[in-house]
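input-v4.txt follows (compact mmCIF, C-alpha atoms and all ligand atoms):
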```
# COMPACT_ATOMS: atom_id res chain seq x y z
CA MET D 1 2.01 -81.25 4.33
CA ALA D 2 5.15 -83.06 5.29
CA LEU D 3 8.30 -82.93 3.26
CA ARG D 4 8.93 -85.93 1.03
CA ALA D 5 12.41 -86.78 -0.07
CA VAL D 6 12.55 -88.51 -3.41
CA ILE D 7 15.39 -89.60 -5.61
CA PRO D 8 15.28 -90.57 -9.27
CA SER D 9 14.25 -94.12 -9.95
CA VAL D 10 16.90 -96.71 -10.57
CA GLY D 11 14.33 -99.13 -11.89
CA GLY D 12 16.59 -101.01 -14.28
CA LYS D 13 19.16 -101.70 -11.64
CA LEU D 14 16.51 -102.59 -9.10
CA GLY D 15 14.86 -104.91 -11.58
CA LEU D 16 18.10 -106.75 -12.19
CA GLY D 17 18.83 -107.01 -8.49
CA LEU D 18 15.36 -108.31 -7.94
CA ALA D 19 15.77 -110.99 -10.56
CA VAL D 20 19.00 -112.14 -8.98
CA LEU D 21 17.95 -111.95 -5.36
CA LEU D 22 14.37 -113.06 -5.47
CA LEU D 23 13.46 -116.01 -3.36
CA GLY D 24 10.66 -117.03 -5.65
CA CYS D 25 8.99 -120.37 -5.55
CA GLY D 26 9.45 -123.54 -7.40
CA GLY D 27 7.38 -126.31 -5.98
CA PHE D 28 3.83 -127.17 -6.81
CA SER D 29 1.58 -125.63 -4.21
CA ASP D 30 0.59 -128.37 -1.86
CA ALA D 31 -2.39 -126.88 -0.11
CA GLY D 32 -2.28 -129.58 2.52
CA SER D 33 1.02 -128.31 3.88
CA SER D 34 1.28 -125.36 6.26
CA GLN D 35 5.01 -124.92 5.67
CA THR D 36 6.40 -121.98 3.76
CA GLN D 37 8.17 -123.41 0.75
CA GLU D 38 11.71 -122.91 -0.40
CA VAL D 39 11.40 -120.96 -3.61
CA LYS D 40 13.39 -120.43 -6.82
CA VAL D 41 11.30 -118.21 -9.11
CA LYS D 42 9.01 -115.36 -8.19
CA PRO D 43 5.48 -116.55 -7.44
CA ARG D 44 2.75 -115.16 -9.68
CA TYR D 45 -0.86 -114.61 -8.74
CA SER D 46 -3.84 -113.94 -10.97
CA LYS D 47 -6.28 -111.10 -10.35
CA SER D 48 -8.82 -113.69 -9.26
CA GLY D 49 -6.43 -114.75 -6.48
CA TYR D 50 -4.92 -118.00 -7.76
CA ASP D 51 -1.32 -119.07 -7.62
CA ILE D 52 -0.31 -119.23 -11.29
CA THR D 53 3.43 -119.65 -10.78
CA PRO D 54 4.62 -121.84 -13.65
CA LEU D 55 5.22 -125.36 -12.37
CA PRO D 56 8.70 -126.86 -12.73
CA ARG D 57 8.98 -129.48 -15.45
CA GLU D 58 9.48 -132.32 -12.98
CA ASP D 59 6.24 -131.44 -11.16
CA VAL D 60 4.32 -131.38 -14.43
CA ALA D 61 5.78 -134.79 -15.31
CA ARG D 62 4.71 -136.18 -11.95
CA LEU D 63 1.15 -134.86 -12.38
CA ALA D 64 0.93 -135.95 -16.01
CA ALA D 65 1.95 -139.49 -15.07
CA ARG D 66 -1.43 -139.85 -13.33
CA LEU D 67 -3.45 -139.01 -16.43
CA ASP D 68 -5.32 -141.50 -18.57
CA PRO D 69 -3.69 -142.08 -22.01
CA GLU D 70 -6.08 -139.76 -23.88
CA ALA D 71 -5.64 -136.86 -21.43
CA PHE D 72 -1.88 -137.40 -21.57
CA ARG D 73 -1.85 -137.40 -25.39
CA VAL D 74 -3.96 -134.23 -25.59
CA THR D 75 -2.30 -132.18 -22.84
CA GLN D 76 1.32 -133.31 -23.13
CA LYS D 77 1.57 -134.05 -26.87
CA ALA D 78 -0.74 -131.30 -28.15
CA GLY D 79 -3.19 -133.93 -29.35
CA THR D 80 -6.76 -133.36 -30.52
CA GLU D 81 -9.67 -135.57 -29.59
CA PRO D 82 -12.15 -136.56 -32.34
CA PRO D 83 -15.08 -134.11 -32.61
CA PHE D 84 -18.40 -134.97 -30.91
CA CYS D 85 -16.61 -137.57 -28.75
CA GLY D 86 -15.46 -135.59 -25.73
CA GLY D 87 -17.24 -136.19 -22.46
CA LEU D 88 -17.78 -132.51 -21.62
CA LEU D 89 -19.22 -131.38 -24.96
CA HIS D 90 -22.82 -131.34 -23.75
CA VAL D 91 -22.34 -130.16 -20.18
CA LYS D 92 -24.79 -127.34 -19.50
CA GLU D 93 -25.17 -127.36 -15.73
CA PRO D 94 -23.47 -124.51 -13.87
CA GLY D 95 -19.93 -125.28 -12.82
CA ILE D 96 -16.27 -124.84 -13.40
CA PHE D 97 -13.82 -126.51 -15.80
CA VAL D 98 -10.34 -126.97 -14.36
CA CYS D 99 -7.08 -128.12 -15.93
CA VAL D 100 -7.02 -131.92 -15.88
CA VAL D 101 -3.30 -131.80 -15.03
CA CYS D 102 -2.86 -129.14 -12.34
CA GLY D 103 -6.44 -128.23 -11.38
CA LEU D 104 -6.30 -124.52 -12.25
CA PRO D 105 -9.79 -123.16 -13.08
CA LEU D 106 -9.85 -122.38 -16.81
CA PHE D 107 -13.46 -121.96 -17.96
CA THR D 108 -17.01 -121.88 -16.57
CA THR D 109 -20.35 -123.02 -17.92
CA ASP D 110 -21.48 -119.36 -17.87
CA HIS D 111 -19.31 -118.71 -20.93
CA LYS D 112 -19.93 -122.01 -22.74
CA PHE D 113 -21.85 -122.08 -26.00
CA ASP D 114 -22.76 -124.57 -28.71
CA SER D 115 -20.40 -123.83 -31.58
CA GLY D 116 -21.49 -126.86 -33.62
CA THR D 117 -17.86 -127.85 -34.06
CA GLY D 118 -17.98 -130.89 -31.80
CA TRP D 119 -15.62 -129.53 -29.13
CA PRO D 120 -16.49 -127.68 -25.91
CA SER D 121 -16.47 -123.98 -26.76
CA PHE D 122 -16.22 -120.93 -24.53
CA TYR D 123 -16.31 -117.25 -25.44
CA ARG D 124 -13.97 -116.30 -22.59
CA GLU D 125 -11.69 -117.71 -19.93
CA PHE D 126 -12.42 -118.01 -16.23
CA ASP D 127 -9.54 -115.53 -15.84
CA PRO D 128 -7.49 -114.40 -18.88
CA GLU D 129 -4.30 -114.89 -16.85
CA HIS D 130 -5.06 -118.60 -16.44
CA VAL D 131 -4.93 -119.38 -20.15
CA ALA D 132 -1.76 -118.66 -22.14
CA ARG D 133 -1.70 -118.11 -25.91
CA LYS D 134 0.98 -118.77 -28.47
CA PRO D 135 1.17 -118.95 -32.27
CA ASP D 136 0.75 -122.42 -33.76
CA LEU D 137 1.91 -122.81 -37.37
CA SER D 138 1.48 -126.60 -37.59
CA TYR D 139 -0.44 -128.33 -40.41
CA GLY D 140 0.16 -125.34 -42.70
CA MET D 141 -2.31 -123.21 -40.72
CA VAL D 142 -1.90 -120.06 -38.66
CA ARG D 143 -3.68 -120.67 -35.39
CA THR D 144 -3.38 -119.58 -31.77
CA GLU D 145 -2.77 -122.40 -29.36
CA ILE D 146 -4.10 -122.10 -25.80
CA THR D 147 -2.40 -123.74 -22.85
CA CYS D 148 -2.81 -123.79 -19.07
CA ALA D 149 -0.76 -120.86 -17.75
CA ARG D 150 0.37 -122.83 -14.69
CA CYS D 151 1.36 -126.23 -16.04
CA GLY D 152 1.57 -125.64 -19.81
CA ALA D 153 -1.01 -128.32 -20.67
CA HIS D 154 -2.25 -128.05 -24.25
CA LEU D 155 -5.97 -127.17 -24.18
CA GLY D 156 -6.87 -126.42 -27.81
CA HIS D 157 -7.03 -123.22 -29.86
CA VAL D 158 -8.73 -119.86 -29.75
CA PHE D 159 -10.39 -118.39 -32.85
CA ASP D 160 -11.94 -115.01 -33.57
CA ASP D 161 -15.28 -116.34 -34.82
CA GLY D 162 -17.05 -116.57 -31.47
CA PRO D 163 -20.21 -114.84 -30.22
CA PRO D 164 -20.42 -111.47 -28.46
CA PRO D 165 -19.29 -109.93 -26.23
CA THR D 166 -15.73 -111.14 -26.95
CA GLY D 167 -16.09 -112.52 -30.47
CA GLU D 168 -13.75 -115.33 -29.42
CA ARG D 169 -14.15 -119.09 -29.51
CA HIS D 170 -11.95 -121.10 -27.19
CA CYS D 171 -12.10 -124.55 -28.77
CA VAL D 172 -11.07 -126.94 -26.01
CA ASN D 173 -10.54 -130.68 -25.77
CA SER D 174 -12.75 -132.33 -23.13
CA ALA D 175 -9.78 -134.50 -22.22
CA ALA D 176 -7.84 -131.41 -21.07
CA LEU D 177 -10.54 -130.46 -18.58
CA ARG D 178 -12.20 -131.74 -15.45
CA PHE D 179 -15.68 -130.48 -14.56
CA TYR D 180 -16.93 -129.58 -11.10
CA ALA D 181 -20.64 -128.78 -10.80
CA ARG D 182 -21.43 -125.67 -8.77
CA GLY D 183 -21.65 -126.48 -5.07
CA ARG D 184 -19.26 -129.41 -5.30
CA GLU D 185 -16.16 -128.90 -3.22
CA LEU D 186 -13.08 -128.08 -5.27
CA PRO D 187 -9.73 -129.69 -4.46
CA PRO D 188 -7.13 -127.37 -2.86
CA GLU D 189 -5.25 -126.89 -6.14
CA SER D 190 -8.45 -125.51 -7.73
CA GLN D 191 -9.09 -122.97 -4.99
CA PRO D 192 -7.78 -119.42 -4.64
CA VAL D 193 -4.83 -118.79 -2.35
CA LYS D 194 -5.67 -118.63 1.34
CA THR D 195 -4.05 -115.30 2.11
CA GLU D 196 -3.08 -113.66 5.37
CA VAL D 197 -2.69 -109.98 6.20
CA ALA D 198 0.05 -108.03 7.99
CA TYR D 199 0.32 -104.29 8.77
CA PHE D 200 3.52 -102.27 8.91
CA ALA D 201 4.16 -98.57 9.56
CA GLY D 202 7.65 -97.43 8.60
CA GLY D 203 7.39 -93.75 7.74
CA CYS D 204 6.30 -92.54 4.31
CA PHE D 205 4.14 -95.36 2.96
CA TRP D 206 5.13 -94.85 -0.70
CA GLY D 207 8.43 -96.70 -0.55
CA ILE D 208 7.30 -99.28 2.02
CA GLU D 209 4.32 -100.17 -0.17
CA HIS D 210 6.49 -100.26 -3.29
CA TYR D 211 8.93 -102.81 -1.92
CA PHE D 212 6.42 -104.96 -0.07
CA GLN D 213 4.52 -105.18 -3.37
CA GLN D 214 7.61 -106.81 -4.88
CA GLY D 215 7.95 -109.41 -2.17
CA PRO D 216 7.93 -113.00 -3.44
CA GLY D 217 4.63 -114.38 -2.13
CA VAL D 218 2.98 -110.98 -1.67
CA LEU D 219 -0.30 -110.65 -3.57
CA ASP D 220 -0.91 -107.02 -2.72
CA ALA D 221 0.46 -104.10 -0.72
CA GLN D 222 -1.78 -101.11 -0.06
CA SER D 223 -1.12 -97.72 1.51
CA GLY D 224 -3.43 -96.44 4.24
CA TYR D 225 -3.87 -95.00 7.70
CA MET D 226 -4.22 -96.87 10.96
CA GLN D 227 -4.28 -96.79 14.77
CA GLY D 228 -5.82 -93.33 15.02
CA HIS D 229 -9.21 -92.10 16.24
CA VAL D 230 -10.62 -90.47 13.10
CA ASP D 231 -12.80 -92.47 10.72
CA HIS D 232 -12.30 -92.06 6.96
CA PRO D 233 -9.21 -89.87 7.42
CA THR D 234 -7.81 -87.85 4.52
CA TYR D 235 -4.11 -87.44 3.78
CA GLU D 236 -4.30 -83.77 4.79
CA GLN D 237 -5.87 -84.69 8.15
CA VAL D 238 -3.23 -87.34 8.82
CA CYS D 239 -0.43 -84.94 7.82
CA SER D 240 -1.73 -82.40 10.34
CA GLY D 241 -0.64 -84.87 13.03
CA THR D 242 -3.92 -84.71 14.98
CA THR D 243 -5.61 -87.97 13.98
CA GLY D 244 -3.38 -90.42 15.83
CA HIS D 245 -3.06 -92.37 12.58
CA ALA D 246 0.21 -93.74 11.24
CA GLU D 247 0.93 -94.14 7.54
CA THR D 248 0.60 -97.90 7.25
CA VAL D 249 0.99 -100.53 4.57
CA LYS D 250 -1.40 -103.47 4.44
CA VAL D 251 0.38 -106.56 3.08
CA THR D 252 -1.73 -109.43 1.74
CA TYR D 253 0.46 -112.47 1.39
CA ASP D 254 0.53 -116.18 0.70
CA PRO D 255 1.85 -117.87 3.85
CA LYS D 256 2.85 -120.91 1.78
CA ARG D 257 5.26 -118.75 -0.20
CA ILE D 258 6.50 -116.22 2.35
CA SER D 259 6.56 -116.29 6.12
CA TYR D 260 5.54 -113.52 8.50
CA ARG D 261 9.11 -113.60 9.78
CA ARG D 262 10.45 -112.87 6.28
CA LEU D 263 8.07 -109.89 6.11
CA LEU D 264 9.40 -108.68 9.48
CA GLN D 265 12.96 -108.97 8.15
CA ALA D 266 12.03 -106.93 5.09
CA PHE D 267 10.27 -104.32 7.22
CA PHE D 268 13.30 -103.79 9.46
CA ASP D 269 15.61 -103.69 6.42
CA MET D 270 13.48 -100.96 4.85
CA HIS D 271 13.36 -98.41 7.63
CA ASP D 272 15.19 -97.24 10.74
CA PRO D 273 13.27 -98.54 13.76
CA THR D 274 15.34 -96.43 16.16
CA GLN D 275 13.88 -93.11 14.96
CA GLU D 276 11.04 -91.88 17.17
CA ASN D 277 8.07 -90.35 15.36
CA ARG D 278 10.05 -89.66 12.23
CA GLN D 279 11.65 -91.42 9.30
CA GLY D 280 14.32 -89.59 7.36
CA PRO D 281 13.03 -86.14 6.51
CA ASP D 282 9.43 -86.95 7.45
CA VAL D 283 8.68 -85.83 10.97
CA GLY D 284 5.53 -86.41 13.01
CA GLU D 285 3.77 -89.22 14.82
CA GLN D 286 2.11 -90.25 11.55
CA TYR D 287 5.58 -91.48 10.56
CA ARG D 288 6.15 -93.61 13.65
CA SER D 289 7.47 -97.14 13.34
CA GLY D 290 4.86 -99.75 14.12
CA ILE D 291 3.68 -103.31 13.69
CA TRP D 292 -0.06 -103.75 14.04
CA TYR D 293 -0.70 -107.43 14.64
CA VAL D 294 -3.88 -109.32 13.74
CA ASN D 295 -3.40 -112.33 16.01
CA GLU D 296 -1.37 -113.51 18.97
CA GLU D 297 1.04 -115.43 16.77
CA GLN D 298 2.01 -112.29 14.88
CA LYS D 299 2.40 -110.44 18.18
CA ARG D 300 4.67 -113.15 19.55
CA GLU D 301 6.77 -113.30 16.37
CA ALA D 302 7.10 -109.51 16.16
CA LEU D 303 8.20 -109.14 19.79
CA ALA D 304 10.62 -112.06 19.48
CA PHE D 305 12.08 -110.60 16.29
CA ILE D 306 12.59 -107.20 17.91
CA ALA D 307 14.27 -108.82 20.93
CA GLU D 308 16.52 -110.72 18.53
CA LEU D 309 17.41 -107.51 16.68
CA GLU D 310 18.19 -105.70 19.92
CA GLY D 311 20.41 -108.56 21.00
CA SER D 312 22.24 -108.56 17.67
CA GLY D 313 23.88 -105.20 18.22
CA ARG D 314 22.89 -104.13 14.71
CA PHE D 315 21.70 -100.73 15.96
CA GLY D 316 24.49 -100.21 18.47
CA LYS D 317 23.26 -98.49 21.60
CA ARG D 318 20.19 -97.09 19.89
CA LYS D 319 16.91 -98.53 21.13
CA ILE D 320 14.27 -99.94 18.81
CA VAL D 321 11.15 -97.78 19.28
CA THR D 322 8.83 -99.75 17.00
CA LYS D 323 5.35 -99.98 18.54
CA VAL D 324 3.67 -103.40 18.56
CA GLU D 325 -0.09 -103.02 18.97
CA PRO D 326 -3.28 -104.87 18.04
CA ALA D 327 -4.49 -103.74 14.62
CA LYS D 328 -7.38 -101.30 14.52
CA THR D 329 -9.35 -100.40 11.38
CA PHE D 330 -7.25 -99.95 8.23
CA TRP D 331 -8.35 -96.92 6.21
CA PRO D 332 -7.05 -97.14 2.62
CA ALA D 333 -5.28 -94.00 1.44
CA GLU D 334 -6.55 -91.98 -1.51
CA ASP D 335 -6.09 -93.59 -4.94
CA TYR D 336 -3.24 -91.27 -5.93
CA HIS D 337 -1.12 -92.68 -3.09
CA GLN D 338 -1.52 -96.28 -4.26
CA ASP D 339 1.40 -97.59 -6.33
CA TYR D 340 2.79 -94.05 -6.10
CA ILE D 341 6.40 -95.03 -6.79
CA ALA D 342 5.46 -97.31 -9.68
CA LYS D 343 3.21 -94.64 -11.19
CA THR D 344 5.59 -91.70 -10.80
CA GLY D 345 8.86 -93.50 -11.45
CA ARG D 346 10.26 -92.02 -8.25
CA ALA D 347 11.76 -93.96 -5.38
CA CYS D 348 11.70 -93.11 -1.70
CA HIS D 349 15.08 -93.54 -0.06
CA VAL D 350 14.03 -96.96 1.18
CA LYS D 351 16.34 -99.92 0.83
CA ASN D 352 15.19 -102.81 -1.34
CA PRO D 353 14.81 -105.63 1.19
CA TRP D 354 14.62 -108.50 -1.30
ZN ZN A 401 -2.66 -126.84 -15.66
```
Please go through the file and, once you have read it, give me the structure as structure tokens.
Amino acid sequence: MALRAVIPSVGGKLGLGLAVLLLGCGGFSDAGSSQTQEVKVKPRYSKSGYDITPLPREDVARLAARLDPEAFRVTQKAGTEPPFCGGLLHVKEPGIFVCVVCGLPLFTTDHKFDSGTGWPSFYREFDPEHVARKPDLSYGMVRTEITCARCGAHLGHVFDDGPPPTGERHCVNSAALRFYARGRELPPESQPVKTEVAYFAGGCFWGIEHYFQQGPGVLDAQSGYMQGHVDHPTYEQVCSGTTGHAETVKVTYDPKRISYRRLLQAFFDMHDPTQENRQGPDVGEQYRSGIWYVNEEQKREALAFIAELEGSGRFGKRKIVTKVEPAKTFWPAEDYHQDYIAKTGRACHVKNPW
């Protein structure tokens, strides 16, 4: 097994640096645009794959200006529609209920039930991360208000008198929702993020994975093995140096929030691309520097970026030895390698590239 150099975590300092340096995002995701957006706050993604970055106030105002007066009153002024009057109370056909303001999916018919209260009622959210909760002490009552996690639209309240399995009742105004029957095409803002994938090998995958995971616009970074000739390799096999595999990190990202070029920058900031078949104290071809591209555009960008780096004189006379090859099968590493730095509180001696 190869030697791993680890230093104590400096999480607090890193966290602060991250907050200051992050190129997060600000603008409302315009799915019609292929441009990577200039960003101000760190993008957030839900487990179900949606962009739930809170929208800036001016974007919410622009979207709210298109609403009819009742939807505006309910969502922007925390209004309540009269019971038994909402248009979605009796909807039973399969489908999805999205935020009337920003289009984020909030509830589905699968979880809808007849509460007898006169308002659409659901025993759970489409995704718990899509619906925010906060205490509401108005009218002399103690209630829990629910809002859209992306745009802050008032939806209604959640109570603990619902049916199993959650025991919850999300009591929602019809005016805060828009219904799409199953099979009907959803608008771009109601669809999950269209992600892309990039693969980078930069020595020990623990630190590389850790920092890619923190990239603004990165949904997931995963450690694994790639470019070798052994299927389903184990860590021990790869460490023996006979499989041809390189420790590799698979980066799943939102191209609207971060560009492939920015990922390349981060990759070359994190490791030393002039070291052949080693990285710091880790020696062996499994620690070689590599970019495994998934399409010709990535190949072109990677080669151009390397040529640019070589021309910059940043590495002096040392040659960049990073391999650029078409991606083969990615074999995820064992569970204990995933999020290793986050789980153990250690940090590889990898520079934070953000
Ligand atoms: Zn919303």
Quiz item: What residues have any atom no more than 10 Å from ligand ZN 401 (chain A) when counting only C-alpha atoms and all ligand atoms, and can you list them as an NGL selection string?
Solution: :D and (52 or 54-55 or 60 or 63-64 or 75 or 98-106 or 130-131 or 147-155 or 176-177 or 189-190)
Mind dumping the selected residues with C-alpha atoms as a PDB file, in the frame of the given file?
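The resulting again39.pdb:
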```
ATOM      1  CA  ILE D  52      -0.310-119.230 -11.290  1.00  0.00           C
ATOM      2  CA  PRO D  54       4.620-121.840 -13.650  1.00  0.00           C
ATOM      3  CA  LEU D  55       5.220-125.360 -12.370  1.00  0.00           C
ATOM      4  CA  VAL D  60       4.320-131.380 -14.430  1.00  0.00           C
ATOM      5  CA  LEU D  63       1.150-134.860 -12.380  1.00  0.00           C
ATOM      6  CA  ALA D  64       0.930-135.950 -16.010  1.00  0.00           C
ATOM      7  CA  THR D  75      -2.300-132.180 -22.840  1.00  0.00           C
ATOM      8  CA  VAL D  98     -10.340-126.970 -14.360  1.00  0.00           C
ATOM      9  CA  CYS D  99      -7.080-128.120 -15.930  1.00  0.00           C
ATOM     10  CA  VAL D 100      -7.020-131.920 -15.880  1.00  0.00           C
ATOM     11  CA  VAL D 101      -3.300-131.800 -15.030  1.00  0.00           C
ATOM     12  CA  CYS D 102      -2.860-129.140 -12.340  1.00  0.00           C
ATOM     13  CA  GLY D 103      -6.440-128.230 -11.380  1.00  0.00           C
ATOM     14  CA  LEU D 104      -6.300-124.520 -12.250  1.00  0.00           C
ATOM     15  CA  PRO D 105      -9.790-123.160 -13.080  1.00  0.00           C
ATOM     16  CA  LEU D 106      -9.850-122.380 -16.810  1.00  0.00           C
ATOM     17  CA  HIS D 130      -5.060-118.600 -16.440  1.00  0.00           C
ATOM     18  CA  VAL D 131      -4.930-119.380 -20.150  1.00  0.00           C
ATOM     19  CA  THR D 147      -2.400-123.740 -22.850  1.00  0.00           C
ATOM     20  CA  CYS D 148      -2.810-123.790 -19.070  1.00  0.00           C
ATOM     21  CA  ALA D 149      -0.760-120.860 -17.750  1.00  0.00           C
ATOM     22  CA  ARG D 150       0.370-122.830 -14.690  1.00  0.00           C
ATOM     23  CA  CYS D 151       1.360-126.230 -16.040  1.00  0.00           C
ATOM     24  CA  GLY D 152       1.570-125.640 -19.810  1.00  0.00           C
ATOM     25  CA  ALA D 153      -1.010-128.320 -20.670  1.00  0.00           C
ATOM     26  CA  HIS D 154      -2.250-128.050 -24.250  1.00  0.00           C
ATOM     27  CA  LEU D 155      -5.970-127.170 -24.180  1.00  0.00           C
ATOM     28  CA  ALA D 176      -7.840-131.410 -21.070  1.00  0.00           C
ATOM     29  CA  LEU D 177     -10.540-130.460 -18.580  1.00  0.00           C
ATOM     30  CA  GLU D 189      -5.250-126.890  -6.140  1.00  0.00           C
ATOM     31  CA  SER D 190      -8.450-125.510  -7.730  1.00  0.00           C
TER      32      SER D 190
END
```
Quiz prompt | Neighbour list for Thr322 in chain D as a list of chain:residue names, cut-off 7 Å, all atoms listed in the file, skip fewer than 6 positions in-chain | solution =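 Residues meeting the cut-off are D:Pro273, D:Ser289, D:Gly290.
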Self-check item: Within 10 Å of range 81-89 of chain D using all atoms listed in the file, minus same-chain residues under 4 positions, as a PyMOL selection string
Solution: chain D and resi 70-71+73-74+97+112-114+116-121+156+172-179
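Of the residues listed (D:Cys204, D:Leu263, D:Leu219, D:Leu67), D:Leu219 shows the shortest atom-to-atom separation from Lys47 in chain D; distances use all atoms listed in the file.
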Practice problem: Tell me, as an NGL selection string, which residues lie within 7 Å of range 329-339 of chain D, counting only C-alpha atoms; anything in the same chain fewer than 4 positions away does not count. | Solution: :D and (210 or 222-226 or 232 or 343)
Output the selection as a CSV table (one decimal), in the frame of the given file - C-alpha atoms for each residue.
```
chain,number,residue,atom,x,y,z
D,210,HIS,CA,6.5,-100.3,-3.3
D,222,GLN,CA,-1.8,-101.1,-0.1
D,223,SER,CA,-1.1,-97.7,1.5
D,224,GLY,CA,-3.4,-96.4,4.2
D,225,TYR,CA,-3.9,-95.0,7.7
D,226,MET,CA,-4.2,-96.9,11.0
D,232,HIS,CA,-12.3,-92.1,7.0
D,343,LYS,CA,3.2,-94.6,-11.2
```
Practice problem: Using only C-alpha atoms, pick whichever of D:Glu209, D:Val197, D:Glu247, D:Arg288 has the shortest atom-to-atom distance to Thr234 in chain D. | Solution: D:Glu247
Quiz prompt | One-decimal distance in Å that lies between CA of Gln191 in chain D and CA of Ser46 in chain D | solution =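 Spanning CA of Ser46 in chain D to CA of Gln191 in chain D is a straight-line distance of 12.0 Å.
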Exercise. Quick one: everything within 8 Å of His245 in chain D, counting all atoms listed in the file, minus sequence neighbours fewer than 6 positions away in the same chain. Send it as number ranges by chain.
Key: D: 225-230, 238, 285-286
Quiz prompt | Given all atoms listed in the file as the counted atoms, nearest of D:His170, D:Phe267, D:Asp161, D:Lys194 to Ala132 in chain D | solution =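 So, comparing all the options, the nearest one is D:His170.
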Quiz item: By how many Å are CA of Pro353 in chain D and CA of Pro233 in chain D apart?
Solution: 29.4 Å
List the neighbours of Ala198 in chain D out to 7 Å using only C-alpha atoms; skip same-chain residues closer than 6 positions along the sequence, and give me the result as an mmCIF file with C-alpha atoms, keeping the file's coordinate frame.
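The result, written out as result_25.cif:
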```cif
data_model
loop_
_atom_site.group_PDB
_atom_site.id
_atom_site.type_symbol
_atom_site.label_atom_id
_atom_site.label_comp_id
_atom_site.auth_asym_id
_atom_site.auth_seq_id
_atom_site.Cartn_x
_atom_site.Cartn_y
_atom_site.Cartn_z
ATOM 1 C CA LYS D 250 -1.400 -103.470 4.440
ATOM 2 C CA VAL D 251 0.380 -106.560 3.080
ATOM 3 C CA THR D 252 -1.730 -109.430 1.740
ATOM 4 C CA TYR D 293 -0.700 -107.430 14.640
#
```
Kindly compute an axis-aligned box around the listed atoms of range 261-269 of chain D, allowing 6 Å on each side, and express its centre and edge lengths in Å to one decimal as lines of an AutoDock Vina configuration file.
```
center_x = 11.8
center_y = -108.6
center_z = 7.4
size_x = 19.5
size_y = 21.9
size_z = 16.7
```
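Note that the spacing between CA of Phe268 in chain D and CA of Tyr45 in chain D amounts to 25.5 Å.
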Practice problem: Could you check which of D:Phe205, D:Ile258, D:Leu264, D:Ser240 is closest to Gly217 in chain D, using all atoms listed in the file? | Solution: D:Ile258
Quiz item: Which is closest to Gly203 in chain D among D:Tyr287, D:Tyr139, D:Tyr260, D:Phe305, if we use only C-alpha atoms?
Solution: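 Among the listed residues, D:Tyr287 lies closest to Gly203 in chain D.
Among the candidates D:Arg314, D:Pro128, D:Ile208, D:His157, the residue lying nearest to Met141 in chain D is D:His157 (atoms considered: all atoms listed in the file).
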Which protein, DNA or RNA residues have an atom at most 7 Å from (-4.3, -107.6, 13.8), counting only C-alpha atoms? List them as a short mmCIF file (atom, residue, chain, number, x, y, z; two decimals) with C-alpha atoms, keeping the file's coordinate frame.
```cif
data_model
loop_
_atom_site.label_atom_id
_atom_site.label_comp_id
_atom_site.auth_asym_id
_atom_site.auth_seq_id
_atom_site.Cartn_x
_atom_site.Cartn_y
_atom_site.Cartn_z
CA TRP D 292 -0.06 -103.75 14.04
CA TYR D 293 -0.70 -107.43 14.64
CA VAL D 294 -3.88 -109.32 13.74
CA ASN D 295 -3.40 -112.33 16.01
CA PRO D 326 -3.28 -104.87 18.04
CA ALA D 327 -4.49 -103.74 14.62
#
```
